[in-house]
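Colleague: Supplied structure: final.csv, CSV, C-alpha atoms.
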```csv
chain,number,residue,atom,x,y,z
Y,1,MET,CA,-58.2,-69.0,-74.3
Y,2,LYS,CA,-61.2,-71.3,-74.5
Y,3,VAL,CA,-63.8,-71.4,-71.8
Y,4,ALA,CA,-66.4,-74.2,-71.4
Y,5,PRO,CA,-69.8,-73.2,-72.7
Y,6,ILE,CA,-72.3,-72.0,-70.2
Y,7,PRO,CA,-75.7,-73.6,-69.8
Y,8,LYS,CA,-78.6,-72.2,-71.9
Y,9,PRO,CA,-80.3,-69.4,-70.0
Y,10,GLU,CA,-83.4,-70.4,-68.1
Y,11,ALA,CA,-86.6,-68.8,-69.1
Y,12,ARG,CA,-86.8,-66.7,-66.0
Y,13,ARG,CA,-83.1,-65.8,-66.1
Y,14,SER,CA,-81.5,-63.4,-68.6
Y,15,LYS,CA,-78.3,-64.2,-70.6
Y,16,LEU,CA,-76.5,-61.5,-68.7
Y,17,ALA,CA,-77.4,-63.0,-65.3
Y,18,THR,CA,-76.4,-66.5,-66.4
Y,19,THR,CA,-73.1,-65.2,-67.8
Y,20,TYR,CA,-72.4,-63.2,-64.6
Y,21,ALA,CA,-73.2,-66.2,-62.4
Y,22,PHE,CA,-70.9,-68.5,-64.4
Y,23,LEU,CA,-67.9,-66.1,-64.4
Y,24,LYS,CA,-68.4,-65.4,-60.7
Y,25,ALA,CA,-68.4,-69.2,-59.9
Y,26,GLU,CA,-65.3,-69.7,-62.0
Y,27,ILE,CA,-63.5,-67.0,-60.1
Y,28,ALA,CA,-64.7,-68.4,-56.8
Y,29,ARG,CA,-63.3,-71.9,-57.6
Y,30,GLY,CA,-59.9,-70.4,-58.5
Y,31,ARG,CA,-59.9,-70.8,-62.2
Y,32,TRP,CA,-57.9,-67.6,-62.4
Y,33,ALA,CA,-55.4,-66.8,-59.6
Y,34,VAL,CA,-55.6,-63.5,-57.8
Y,35,GLY,CA,-53.7,-61.0,-59.9
Y,36,GLU,CA,-54.2,-63.0,-63.1
Y,37,GLN,CA,-56.0,-61.6,-66.1
Y,38,ILE,CA,-59.1,-63.3,-67.3
Y,39,PRO,CA,-59.7,-63.9,-71.1
Y,40,THR,CA,-60.6,-60.8,-73.1
Y,41,GLU,CA,-64.2,-59.9,-73.8
Y,42,VAL,CA,-63.8,-61.1,-77.4
Y,43,GLU,CA,-62.5,-64.5,-76.2
Y,44,LEU,CA,-65.2,-64.8,-73.6
Y,45,ALA,CA,-68.0,-63.8,-76.0
Y,46,GLU,CA,-66.8,-66.4,-78.5
Y,47,SER,CA,-66.4,-69.2,-75.9
Y,48,LEU,CA,-69.7,-68.5,-74.2
Y,49,ASP,CA,-71.7,-67.9,-77.3
Y,50,CYS,CA,-73.0,-64.5,-76.4
Y,51,GLY,CA,-72.5,-60.8,-77.4
Y,52,ARG,CA,-69.7,-58.5,-76.2
Y,53,SER,CA,-72.3,-56.3,-74.6
Y,54,THR,CA,-73.4,-59.3,-72.4
Y,55,ILE,CA,-69.8,-60.0,-71.4
Y,56,GLY,CA,-69.2,-56.3,-70.7
Y,57,GLY,CA,-72.3,-56.1,-68.5
Y,58,ALA,CA,-71.3,-59.3,-66.6
Y,59,ILE,CA,-67.8,-58.0,-66.0
Y,60,ALA,CA,-69.2,-54.6,-64.9
Y,61,ARG,CA,-71.1,-56.5,-62.2
Y,62,LEU,CA,-68.0,-58.4,-61.2
Y,63,VAL,CA,-66.2,-55.0,-60.9
Y,64,HIS,CA,-69.0,-53.8,-58.7
Y,65,ASP,CA,-68.6,-56.8,-56.5
Y,66,GLY,CA,-64.9,-56.1,-56.1
Y,67,LEU,CA,-64.0,-59.4,-57.7
Y,68,VAL,CA,-62.1,-58.0,-60.7
Y,69,GLU,CA,-60.5,-54.8,-61.9
Y,70,ARG,CA,-60.9,-53.6,-65.5
Y,71,LYS,CA,-58.5,-51.2,-67.0
Y,72,THR,CA,-58.3,-49.8,-70.5
Y,73,ARG,CA,-55.5,-51.5,-72.6
Y,74,THR,CA,-54.5,-53.9,-69.9
Y,75,GLY,CA,-57.6,-56.0,-69.6
Y,76,THR,CA,-59.4,-57.4,-66.5
Y,77,ARG,CA,-57.6,-59.1,-63.7
Y,78,VAL,CA,-58.9,-61.0,-60.6
Y,79,LEU,CA,-58.7,-59.1,-57.3
Y,80,ARG,CA,-60.3,-61.6,-54.9
Y,81,PHE,CA,-62.3,-64.8,-54.9
Y,82,GLU,CA,-65.3,-63.7,-52.9
Y,83,PRO,CA,-67.6,-60.6,-53.1
Y,84,SER,CA,-66.4,-57.7,-50.9
Y,85,SER,CA,-69.7,-57.6,-48.9
Y,86,ALA,CA,-71.8,-60.3,-47.2
Y,87,ASN,CA,-74.7,-59.9,-49.7
Y,88,GLY,CA,-72.4,-60.1,-52.7
Y,89,SER,CA,-73.4,-56.7,-54.0
Y,90,GLY,CA,-69.8,-55.3,-53.5
Y,91,ALA,CA,-71.1,-52.1,-52.0
Y,92,ALA,CA,-70.6,-51.3,-48.4
Y,93,SER,CA,-73.1,-49.2,-46.5
Y,94,GLY,CA,-72.7,-45.4,-46.5
Y,95,SER,CA,-70.5,-43.5,-49.0
Y,96,THR,CA,-67.4,-45.8,-48.9
Y,97,GLY,CA,-67.6,-46.3,-52.7
Y,98,GLY,CA,-67.6,-50.1,-52.3
Y,99,LYS,CA,-64.7,-50.2,-49.8
Y,100,VAL,CA,-65.2,-52.3,-46.7
Y,101,MET,CA,-63.4,-49.8,-44.5
Y,102,GLN,CA,-61.9,-46.3,-45.2
Y,103,LEU,CA,-58.4,-46.6,-43.7
Y,104,ASP,CA,-56.7,-44.0,-45.9
Y,105,ALA,CA,-53.4,-45.8,-45.0
Y,106,PHE,CA,-50.1,-47.1,-46.2
Y,107,ALA,CA,-49.5,-50.9,-45.7
Y,108,PHE,CA,-46.4,-52.9,-45.0
Y,109,ILE,CA,-46.7,-56.6,-45.9
Y,110,TYR,CA,-44.1,-59.0,-44.6
Y,111,SER,CA,-43.5,-62.7,-43.7
Y,112,SER,CA,-42.7,-62.5,-40.0
Y,113,GLU,CA,-41.5,-60.1,-37.3
Y,114,LEU,CA,-39.4,-62.9,-35.9
Y,115,HIS,CA,-36.7,-62.0,-38.4
Y,116,GLU,CA,-34.7,-59.2,-36.9
Y,117,GLY,CA,-34.0,-57.4,-40.2
Y,118,ILE,CA,-37.7,-57.4,-41.1
Y,119,PHE,CA,-38.6,-56.1,-37.7
Y,120,ARG,CA,-36.2,-53.2,-38.1
Y,121,MET,CA,-37.4,-52.4,-41.6
Y,122,VAL,CA,-41.0,-52.2,-40.3
Y,123,SER,CA,-39.9,-50.0,-37.5
Y,124,GLY,CA,-38.2,-47.6,-39.9
Y,125,PHE,CA,-41.3,-47.5,-42.1
Y,126,GLN,CA,-43.5,-46.8,-39.1
Y,127,LEU,CA,-41.3,-44.0,-37.9
Y,128,ALA,CA,-41.3,-42.3,-41.3
Y,129,ALA,CA,-45.0,-42.6,-41.4
Y,130,ARG,CA,-45.4,-41.0,-38.0
Y,131,GLU,CA,-43.3,-38.1,-39.0
Y,132,ARG,CA,-45.6,-37.6,-42.0
Y,133,ASN,CA,-48.7,-38.1,-40.0
Y,134,ARG,CA,-49.7,-41.0,-42.2
Y,135,ARG,CA,-51.7,-44.0,-40.9
Y,136,VAL,CA,-50.2,-47.4,-41.5
Y,137,VAL,CA,-51.3,-51.0,-41.3
Y,138,THR,CA,-48.9,-54.0,-41.1
Y,139,LEU,CA,-49.8,-57.5,-42.3
Y,140,THR,CA,-47.8,-60.7,-41.7
Y,141,THR,CA,-48.3,-63.6,-44.1
Y,142,GLY,CA,-45.9,-66.4,-43.0
Y,143,THR,CA,-44.0,-68.3,-45.6
Y,144,ASP,CA,-46.7,-68.3,-48.3
Y,145,CYS,CA,-45.8,-65.6,-50.9
Y,146,ARG,CA,-49.1,-66.4,-52.7
Y,147,LYS,CA,-50.9,-65.1,-49.7
Y,148,GLU,CA,-48.9,-61.9,-49.9
Y,149,ALA,CA,-50.0,-61.5,-53.5
Y,150,GLU,CA,-53.6,-62.0,-52.5
Y,151,PHE,CA,-53.3,-59.4,-49.7
Y,152,ILE,CA,-52.0,-56.9,-52.2
Y,153,GLY,CA,-54.9,-57.5,-54.5
Y,154,ARG,CA,-57.4,-56.8,-51.8
Y,155,LEU,CA,-55.9,-53.7,-50.1
Y,156,THR,CA,-58.0,-51.3,-52.2
Y,157,GLU,CA,-61.1,-52.7,-50.5
Y,158,PHE,CA,-59.9,-51.0,-47.3
Y,159,ASP,CA,-58.8,-47.7,-49.0
Y,160,VAL,CA,-55.1,-48.5,-48.6
Y,161,LYS,CA,-53.3,-46.1,-50.9
Y,162,GLY,CA,-50.1,-48.0,-51.4
Y,163,ALA,CA,-48.0,-50.9,-50.0
Y,164,VAL,CA,-44.4,-51.7,-49.1
Y,165,VAL,CA,-43.8,-55.4,-49.4
Y,166,ASN,CA,-41.0,-57.7,-48.2
Y,167,PRO,CA,-41.9,-60.9,-50.0
Y,168,LEU,CA,-40.5,-64.3,-48.9
Y,169,VAL,CA,-39.9,-65.9,-52.3
Y,170,SER,CA,-38.1,-69.2,-52.0
Y,171,THR,CA,-38.2,-70.6,-55.6
Y,172,VAL,CA,-38.0,-69.4,-59.1
Y,173,GLN,CA,-41.6,-70.5,-59.7
Y,174,GLU,CA,-42.7,-68.4,-56.7
Y,175,GLN,CA,-40.8,-65.4,-58.1
Y,176,MET,CA,-42.5,-65.8,-61.5
Y,177,HIS,CA,-45.9,-66.0,-59.8
Y,178,PHE,CA,-45.3,-63.0,-57.5
Y,179,SER,CA,-43.8,-60.9,-60.2
Y,180,SER,CA,-46.8,-61.6,-62.5
Y,181,ALA,CA,-49.2,-60.6,-59.7
Y,182,LEU,CA,-47.3,-57.3,-59.3
Y,183,ALA,CA,-47.1,-56.6,-63.1
Y,184,ASN,CA,-50.4,-54.6,-63.0
Y,185,PRO,CA,-51.1,-53.7,-59.4
Y,186,SER,CA,-54.2,-51.9,-58.3
Y,187,LEU,CA,-52.1,-49.6,-56.2
Y,188,PRO,CA,-48.4,-48.5,-56.0
Y,189,VAL,CA,-46.1,-51.2,-54.6
Y,190,VAL,CA,-42.5,-50.8,-53.4
Y,191,LEU,CA,-40.3,-53.8,-52.5
Y,192,ALA,CA,-38.2,-53.5,-49.4
Y,193,GLY,CA,-35.1,-55.5,-48.7
Y,194,THR,CA,-35.2,-57.4,-52.0
Y,195,ASN,CA,-35.7,-56.9,-55.7
Y,196,LEU,CA,-37.7,-58.9,-58.2
Y,197,PRO,CA,-36.5,-58.3,-61.8
Y,198,GLY,CA,-39.5,-58.2,-64.1
Y,199,SER,CA,-42.0,-57.1,-61.5
Y,200,GLY,CA,-41.8,-53.4,-62.5
Y,201,CYS,CA,-41.8,-52.3,-58.9
Y,202,PRO,CA,-39.2,-50.0,-57.4
Y,203,SER,CA,-37.1,-51.5,-54.6
Y,204,VAL,CA,-35.0,-50.4,-51.7
Y,205,LEU,CA,-32.4,-52.8,-50.5
Y,206,ALA,CA,-28.8,-53.2,-49.3
Y,207,ASP,CA,-26.0,-52.8,-51.9
Y,208,ASN,CA,-25.4,-56.5,-52.0
Y,209,PHE,CA,-22.4,-56.2,-54.3
Y,210,HIS,CA,-20.8,-54.0,-51.7
Y,211,VAL,CA,-21.6,-56.6,-49.1
Y,212,GLY,CA,-19.7,-59.4,-50.8
Y,213,TYR,CA,-16.8,-57.1,-51.8
Y,214,THR,CA,-16.4,-55.6,-48.3
Y,215,MET,CA,-16.5,-58.9,-46.4
Y,216,THR,CA,-14.0,-60.6,-48.8
Y,217,ARG,CA,-11.7,-57.6,-48.8
Y,218,HIS,CA,-11.6,-57.7,-45.0
Y,219,LEU,CA,-10.3,-61.3,-45.1
Y,220,ILE,CA,-7.8,-60.5,-47.8
Y,221,ASP,CA,-6.5,-57.5,-45.8
Y,222,GLN,CA,-5.8,-60.0,-43.0
Y,223,GLY,CA,-3.5,-61.9,-45.3
Y,224,LEU,CA,-5.9,-64.8,-46.1
Y,225,ARG,CA,-5.7,-66.3,-49.6
Y,226,ARG,CA,-7.9,-69.4,-49.4
Y,227,ILE,CA,-11.3,-67.8,-49.0
Y,228,GLY,CA,-14.6,-69.5,-49.5
Y,229,PHE,CA,-18.1,-68.3,-50.2
Y,230,PHE,CA,-21.1,-69.9,-48.6
Y,231,SER,CA,-24.7,-69.2,-49.8
Y,232,ASN,CA,-28.2,-70.7,-50.1
Y,233,HIS,CA,-31.0,-69.2,-52.2
Y,234,ALA,CA,-28.2,-68.6,-54.7
Y,235,TRP,CA,-30.5,-68.0,-57.7
Y,236,ALA,CA,-31.9,-64.8,-56.2
Y,237,GLN,CA,-30.6,-61.6,-57.6
Y,238,PHE,CA,-29.4,-60.2,-54.2
Y,239,MET,CA,-27.5,-63.4,-53.5
Y,240,ARG,CA,-25.9,-63.3,-56.9
Y,241,ASP,CA,-24.8,-59.8,-56.3
Y,242,ARG,CA,-23.1,-60.8,-53.0
Y,243,TYR,CA,-21.3,-63.6,-54.8
Y,244,GLN,CA,-20.2,-61.2,-57.6
Y,245,GLY,CA,-18.8,-58.8,-54.9
Y,246,TYR,CA,-16.8,-61.7,-53.5
Y,247,ARG,CA,-15.4,-62.6,-57.0
Y,248,TRP,CA,-14.5,-59.0,-57.7
Y,249,ALA,CA,-12.6,-58.6,-54.4
Y,250,LEU,CA,-10.6,-61.7,-55.2
Y,251,LYS,CA,-9.9,-60.6,-58.8
Y,252,SER,CA,-8.9,-57.1,-57.6
Y,253,ALA,CA,-6.3,-58.7,-55.2
Y,254,GLY,CA,-4.9,-60.9,-57.9
Y,255,LEU,CA,-6.4,-64.1,-56.5
Y,256,ALA,CA,-8.1,-66.8,-58.5
Y,257,GLU,CA,-11.5,-68.1,-57.5
Y,258,GLN,CA,-11.3,-71.7,-56.3
Y,259,PRO,CA,-14.5,-73.6,-57.3
Y,260,GLU,CA,-14.0,-76.1,-54.4
Y,261,TYR,CA,-14.3,-73.2,-51.9
Y,262,VAL,CA,-17.6,-72.0,-53.3
Y,263,PHE,CA,-21.0,-73.4,-52.1
Y,264,LEU,CA,-24.0,-72.1,-53.9
Y,265,GLU,CA,-27.2,-73.9,-52.8
Y,266,GLU,CA,-30.1,-73.0,-54.9
Y,267,GLY,CA,-32.8,-74.0,-52.4
Y,268,ARG,CA,-33.9,-72.3,-49.2
Y,269,ARG,CA,-36.2,-73.7,-46.5
Y,270,VAL,CA,-37.3,-70.9,-44.0
Y,271,ASP,CA,-38.2,-71.9,-40.5
Y,272,PHE,CA,-38.6,-68.9,-38.2
Y,273,SER,CA,-39.0,-71.1,-35.2
Y,274,ASP,CA,-35.6,-72.9,-35.8
Y,275,PRO,CA,-33.6,-70.7,-38.1
Y,276,LEU,CA,-30.3,-72.6,-37.6
Y,277,GLN,CA,-31.5,-76.0,-38.7
Y,278,GLU,CA,-30.9,-75.6,-42.5
Y,279,PRO,CA,-27.7,-73.4,-42.2
Y,280,LYS,CA,-26.0,-76.0,-40.0
Y,281,LYS,CA,-27.0,-78.9,-42.3
Y,282,LEU,CA,-25.7,-77.0,-45.3
Y,283,ALA,CA,-22.5,-76.0,-43.5
Y,284,SER,CA,-21.7,-79.5,-42.6
Y,285,ALA,CA,-22.0,-80.6,-46.2
Y,286,TYR,CA,-19.9,-77.6,-47.3
Y,287,LEU,CA,-17.1,-78.2,-44.9
Y,288,ALA,CA,-17.0,-81.9,-45.8
Y,289,SER,CA,-16.6,-81.2,-49.5
Y,290,ALA,CA,-14.5,-78.0,-49.6
Y,291,GLY,CA,-10.7,-77.9,-49.6
Y,292,PRO,CA,-8.7,-76.5,-46.6
Y,293,MET,CA,-9.9,-72.9,-46.2
Y,294,GLU,CA,-8.6,-70.0,-44.1
Y,295,GLY,CA,-11.8,-68.0,-44.1
Y,296,VAL,CA,-15.4,-68.0,-45.4
Y,297,VAL,CA,-17.6,-65.2,-46.5
Y,298,CYS,CA,-21.1,-66.3,-45.5
Y,299,ALA,CA,-24.0,-64.7,-47.4
Y,300,ASP,CA,-25.9,-64.0,-44.2
Y,301,ASP,CA,-25.4,-64.2,-40.4
Y,302,PHE,CA,-27.5,-67.3,-40.0
Y,303,LEU,CA,-25.3,-69.1,-42.4
Y,304,ALA,CA,-22.4,-67.9,-40.4
Y,305,PHE,CA,-23.9,-69.2,-37.2
Y,306,GLY,CA,-24.6,-72.5,-38.8
Y,307,LEU,CA,-21.0,-72.7,-40.2
Y,308,ILE,CA,-19.5,-72.0,-36.7
Y,309,LEU,CA,-21.6,-74.8,-35.2
Y,310,ALA,CA,-20.6,-77.3,-38.0
Y,311,ALA,CA,-17.0,-76.3,-37.8
Y,312,ARG,CA,-16.7,-76.9,-34.1
Y,313,GLU,CA,-18.3,-80.3,-34.5
Y,314,MET,CA,-15.5,-81.1,-36.9
Y,315,GLY,CA,-12.8,-79.9,-34.4
Y,316,LEU,CA,-12.1,-76.5,-36.1
Y,317,ARG,CA,-11.4,-73.5,-33.9
Y,318,ILE,CA,-12.9,-70.1,-34.7
Y,319,PRO,CA,-11.0,-67.9,-35.7
Y,320,ASP,CA,-7.7,-69.8,-35.3
Y,321,ASP,CA,-8.4,-72.5,-37.9
Y,322,LEU,CA,-11.2,-70.8,-39.8
Y,323,LYS,CA,-12.3,-67.1,-39.9
Y,324,VAL,CA,-16.0,-66.5,-40.5
Y,325,THR,CA,-17.9,-63.4,-41.7
Y,326,GLY,CA,-21.6,-62.8,-42.0
Y,327,HIS,CA,-24.1,-60.3,-43.3
Y,328,GLY,CA,-27.0,-58.5,-41.5
Y,329,ASP,CA,-25.5,-57.8,-38.1
Y,330,PHE,CA,-28.1,-59.9,-36.3
Y,331,SER,CA,-28.2,-60.8,-32.7
Y,332,PRO,CA,-26.6,-64.3,-32.2
Y,333,PRO,CA,-28.6,-67.2,-30.7
Y,334,ASP,CA,-27.5,-68.5,-27.3
Y,335,CYS,CA,-25.6,-71.4,-28.8
Y,336,ILE,CA,-23.1,-68.9,-30.5
Y,337,ASP,CA,-20.7,-67.6,-27.9
Y,338,ILE,CA,-18.3,-65.9,-30.3
Y,339,PRO,CA,-19.3,-62.5,-31.8
Y,340,VAL,CA,-19.4,-62.7,-35.6
Y,341,THR,CA,-17.8,-60.1,-37.9
Y,342,SER,CA,-20.6,-58.9,-40.1
Y,343,TYR,CA,-21.9,-56.3,-42.5
Y,344,ARG,CA,-24.2,-54.0,-40.7
Y,345,VAL,CA,-27.3,-53.4,-42.8
Y,346,PRO,CA,-29.2,-50.2,-41.9
Y,347,TYR,CA,-32.6,-51.9,-42.0
Y,348,GLU,CA,-34.3,-48.9,-40.4
Y,349,THR,CA,-33.0,-46.7,-43.3
Y,350,ILE,CA,-34.4,-49.2,-45.8
Y,351,GLY,CA,-37.8,-49.0,-44.1
Y,352,ARG,CA,-37.7,-45.2,-44.1
Y,353,GLU,CA,-36.6,-44.9,-47.7
Y,354,SER,CA,-39.3,-47.4,-48.8
Y,355,PHE,CA,-41.9,-45.1,-47.2
Y,356,ARG,CA,-40.4,-42.1,-49.0
Y,357,VAL,CA,-40.4,-43.9,-52.4
Y,358,LEU,CA,-44.0,-45.0,-51.9
Y,359,GLU,CA,-45.0,-41.5,-51.0
Y,360,SER,CA,-43.3,-40.2,-54.2
Y,361,CYS,CA,-45.2,-42.8,-56.3
Y,362,LEU,CA,-48.5,-41.6,-54.9
Y,363,ALA,CA,-47.6,-38.0,-55.5
Y,364,SER,CA,-46.8,-38.8,-59.1
Y,365,ARG,CA,-43.2,-37.5,-58.6
Y,366,PRO,CA,-40.6,-39.2,-60.7
Y,367,VAL,CA,-39.1,-42.3,-59.0
Y,368,ARG,CA,-35.8,-43.7,-60.3
Y,369,PRO,CA,-36.4,-47.0,-61.9
Y,370,GLY,CA,-34.9,-50.1,-60.6
Y,371,SER,CA,-33.3,-50.3,-57.1
Y,372,LEU,CA,-32.3,-47.8,-54.5
Y,373,LEU,CA,-29.2,-49.3,-52.9
Y,374,ILE,CA,-28.3,-48.6,-49.3
Y,375,GLU,CA,-24.7,-49.1,-48.1
Y,376,GLY,CA,-23.9,-50.5,-44.7
Y,377,GLU,CA,-20.6,-50.9,-42.9
Y,378,LEU,CA,-18.2,-53.6,-41.7
Y,379,VAL,CA,-18.3,-54.5,-38.0
Y,380,VAL,CA,-15.2,-56.4,-37.0
Y,381,ARG,CA,-15.6,-58.9,-34.2
Y,382,PRO,CA,-13.7,-62.0,-32.8
Y,383,SER,CA,-14.9,-64.5,-35.4
Y,384,THR,CA,-12.1,-63.1,-37.7
Y,385,GLY,CA,-9.6,-62.5,-35.0
```
So that I can check it, write out the structure of this file as structure tokens.

Modeller:
Amino acid sequence: MKVAPIPKPEARRSKLATTYAFLKAEIARGRWAVGEQIPTEVELAESLDCGRSTIGGAIARLVHDGLVERKTRTGTRVLRFEPSSANGSGAASGSTGGKVMQLDAFAFIYSSELHEGIFRMVSGFQLAARERNRRVVTLTTGTDCRKEAEFIGRLTEFDVKGAVVNPLVSTVQEQMHFSSALANPSLPVVLAGTNLPGSGCPSVLADNFHVGYTMTRHLIDQGLRRIGFFSNHAWAQFMRDRYQGYRWALKSAGLAEQPEYVFLEEGRRVDFSDPLQEPKKLASAYLASAGPMEGVVCADDFLAFGLILAAREMGLRIPDDLKVTGHGDFSPPDCIDIPVTSYRVPYETIGRESFRVLESCLASRPVRPGSLLIEGELVVRPSTG
């Protein structure tokens, strides 16, 4: 990777100081993203026309500033864009070892507590921490997953020992960026409520194949044969698992999947202030294009709420004309006056187990690779009769 040459050192300024200042400025302007590796010392030495010892000394100063982290065999990656102290020295006063604040805590990073499932996960995490007498910090980031990645990169400044993260990743590009940022974290990271293949982080989430299978089987057991599946964010691993559970339930019952009954929207637009806007819009398009169905397995409760609103506008009665199931067991908004059959996810358990897995990582105890899957249960309500 080529880097533009640096200016010739001034007479009163050493080559080391000039190189350090140049690299610091490049980091400050975002040439390399937080979590991204900078070029190797050999590449930098060649591009900047200086010796490896000069590059090594400049990077050592950047490490001292808290801007980068250097590890043997894995290289140097960016932790933040600004020095970790006001004077740029990177060393806080006292004996904090360069940390802004000694919290000695676990962190939970998430998008918004307005989402009931996230709120319940955080509650379970906090209860587990209280039982273990462990200090915790919680950080909300909104819908910007890049901000979540930046927060993770800066946690060590505050002596945070490890983090549980519930990332809001809406596109494939965002997943690639976030997974890359987690590939070489500065502290242990556990994913809660989702999984990101390729990130290398353990995850704790609902058994989403069981979700799809259970909800489809419930409709089959009621004698339904024309059963649809309604999903957005369909490229995500956990959504694909729900869809596969739906397909397996149909196959096990000797039913053929009907493509016109399946709606797999790739995109997702999250609006915590108006969570039904997108589901209702998608549901209207789904019902207008699908064949006559007896029931629909919705990939989450908000899609189920949106489907009920759209169905009623089309003159369909729930559950007489169309039975509807969801996932999550969330509290319905005021505009939904019929309780929805749903898959109750034990979000508190996911939060507690995420804490346990993080604690095991820090204690260097073996952690099963991949995902820890938590089963929930079917809750039957009037939306399916």

Colleague: Using only C-alpha atoms, find each residue of region 285-315 of chain Y with at least one atom at most 12 Å away from an atom of region 192-214 of chain Y; report its shortest atom-to-atom pair and that distance in Å (one decimal), sort the rows by chain and rising residue number, and return the result as a Markdown table.

Modeller:
```
| residue | atom | partner | partner_atom | distance |
| --- | --- | --- | --- | --- |
| Y:Val296 | CA | Y:Gly212 | CA | 11.0 |
| Y:Val297 | CA | Y:Gly212 | CA | 7.5 |
| Y:Cys298 | CA | Y:Gly212 | CA | 8.8 |
| Y:Ala299 | CA | Y:Gly212 | CA | 7.6 |
| Y:Asp300 | CA | Y:Val211 | CA | 9.9 |
```

Colleague: Have a look at CA of Arg61 (chain Y) and CA of Thr18 (chain Y) and let me know their distance in Å, one decimal.

Modeller: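 Taking CA of Arg61 (chain Y) and CA of Thr18 (chain Y), their separation equals 12.1 Å.
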
Colleague: Could the residues of region 229-269 of chain Y that have an atom at most 12 Å from region 303-320 of chain Y be listed as a tab-separated table, each with its closest atom pair and the distance in Å to one decimal, counting all atoms listed in the file and ordered by chain and ascending residue number?

Modeller:
```
residue	atom	partner	partner_atom	distance
Y:Phe229	CA	Y:Leu303	CA	10.6
Y:Phe230	CA	Y:Leu303	CA	7.5
Y:Ser231	CA	Y:Leu303	CA	7.4
Y:Asn232	CA	Y:Leu303	CA	8.4
Y:His233	CA	Y:Leu303	CA	11.3
Y:Phe263	CA	Y:Leu303	CA	11.4
Y:Leu264	CA	Y:Leu303	CA	12.0
Y:Glu265	CA	Y:Leu303	CA	11.6
Y:Arg268	CA	Y:Leu303	CA	11.4
```

Colleague: What is the CA of Gly75 (chain Y)-CA of Lys161 (chain Y) distance in Å, reported with one decimal?

Modeller: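 Computing it gives 21.6 Å between the two atoms.
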
Colleague: Which is closest to Ala17 (chain Y) among Y:Phe330, Y:Gly56, Y:Phe106, Y:Asp159, if we use only C-alpha atoms?

Modeller: Y:Gly56

Colleague: Of the candidates Y:Gly142, Y:Gly124, Y:Gly295, Y:Gly35, which shows the shortest atom-to-atom distance to Pro346 (chain Y), using all atoms listed in the file?

Modeller: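 Under the stated criterion, the closest residue is Y:Gly124.
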
Colleague: So how far away is CA of Thr384 (chain Y) from CA of Leu250 (chain Y), in Å?

Modeller: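 Value for the CA of Leu250 (chain Y)-CA of Thr384 (chain Y) distance: 17.6 Å.
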
Colleague: Give me the residues near Thr141 (chain Y) as a list in words, where near means some atom within 7 Å (using only C-alpha atoms) and where sequence neighbours in that chain fewer than 5 positions away do not count.

Modeller: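 My list of contacting residues is Tyr110, Ser111, Lys147 and Glu148 of chain Y.
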
Colleague: Would you write out those residues with C-alpha atoms, as a CSV table (one decimal), in the frame of the given file?

Modeller:
```csv
chain,number,residue,atom,x,y,z
Y,110,TYR,CA,-44.1,-59.0,-44.6
Y,111,SER,CA,-43.5,-62.7,-43.7
Y,147,LYS,CA,-50.9,-65.1,-49.7
Y,148,GLU,CA,-48.9,-61.9,-49.9
```

Colleague: Out of Y:Ser354, Y:Phe302, Y:Glu157, Y:Tyr343, which residue has the shortest atom-to-atom distance to Gln277 (chain Y) when counting only C-alpha atoms?

Modeller: Y:Phe302

Colleague: For a quick check of understanding, using all atoms listed in the file, which of Y:Gly153, Y:Pro167, Y:Gly66, Y:Gly376 has the smallest distance to Pro188 (chain Y)?

Modeller: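 Looking only at the distances to Pro188 (chain Y), the closest residue turns out to be Y:Gly153.
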
Colleague: Measuring between only C-alpha atoms, which one of Y:Leu219, Y:Ile38, Y:Ala290, Y:Leu23 shows the shortest distance to Gln258 (chain Y)?

Modeller: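 Closest candidate: Y:Ala290.
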
Colleague: Find the residues around Leu362 (chain Y) up to 12 Å (all atoms listed in the file counted), leave out those fewer than 2 positions away in its own chain, and share them as a PyMOL selection string.

Modeller: chain Y and resi 105-106+160-163+187-190+355-360+364-367

Colleague: From the options Y:Ala25, Y:Thr19, Y:Gln37, Y:Ile336, which residue's atoms come nearest to Ile59 (chain Y), counting all atoms listed in the file?

Modeller: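 Of Y:Ala25, Y:Thr19, Y:Gln37, Y:Ile336, the one nearest Ile59 (chain Y), counting all atoms listed in the file, is Y:Thr19.
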
Colleague: Could you pull out every residue with an atom within 7 Å of (-11.3, -67.5, -54.0), file coordinates, counting all atoms listed in the file, and send them as a ChimeraX atom specification?

Modeller: /Y:226-228,250,255-258,261

Colleague: Can I get the selected residues back with C-alpha atoms, as a PDB file, in the coordinates of the input?

Modeller:
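Ended up saving to out-v2.pdb:
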```
ATOM      1  CA  ARG Y 226      -7.900 -69.400 -49.400  1.00  0.00           C
ATOM      2  CA  ILE Y 227     -11.300 -67.800 -49.000  1.00  0.00           C
ATOM      3  CA  GLY Y 228     -14.600 -69.500 -49.500  1.00  0.00           C
ATOM      4  CA  LEU Y 250     -10.600 -61.700 -55.200  1.00  0.00           C
ATOM      5  CA  LEU Y 255      -6.400 -64.100 -56.500  1.00  0.00           C
ATOM      6  CA  ALA Y 256      -8.100 -66.800 -58.500  1.00  0.00           C
ATOM      7  CA  GLU Y 257     -11.500 -68.100 -57.500  1.00  0.00           C
ATOM      8  CA  GLN Y 258     -11.300 -71.700 -56.300  1.00  0.00           C
ATOM      9  CA  TYR Y 261     -14.300 -73.200 -51.900  1.00  0.00           C
TER      10      TYR Y 261
END
```

Colleague: Write out as a PyMOL selection string each polymer residue whose atoms come within 9 Å of region 40-44 of chain Y, counting all atoms listed in the file; drop sequence neighbours fewer than 2 positions from it.

Modeller: chain Y and resi 1-3+37-38+46-53+55-56+59+75-76
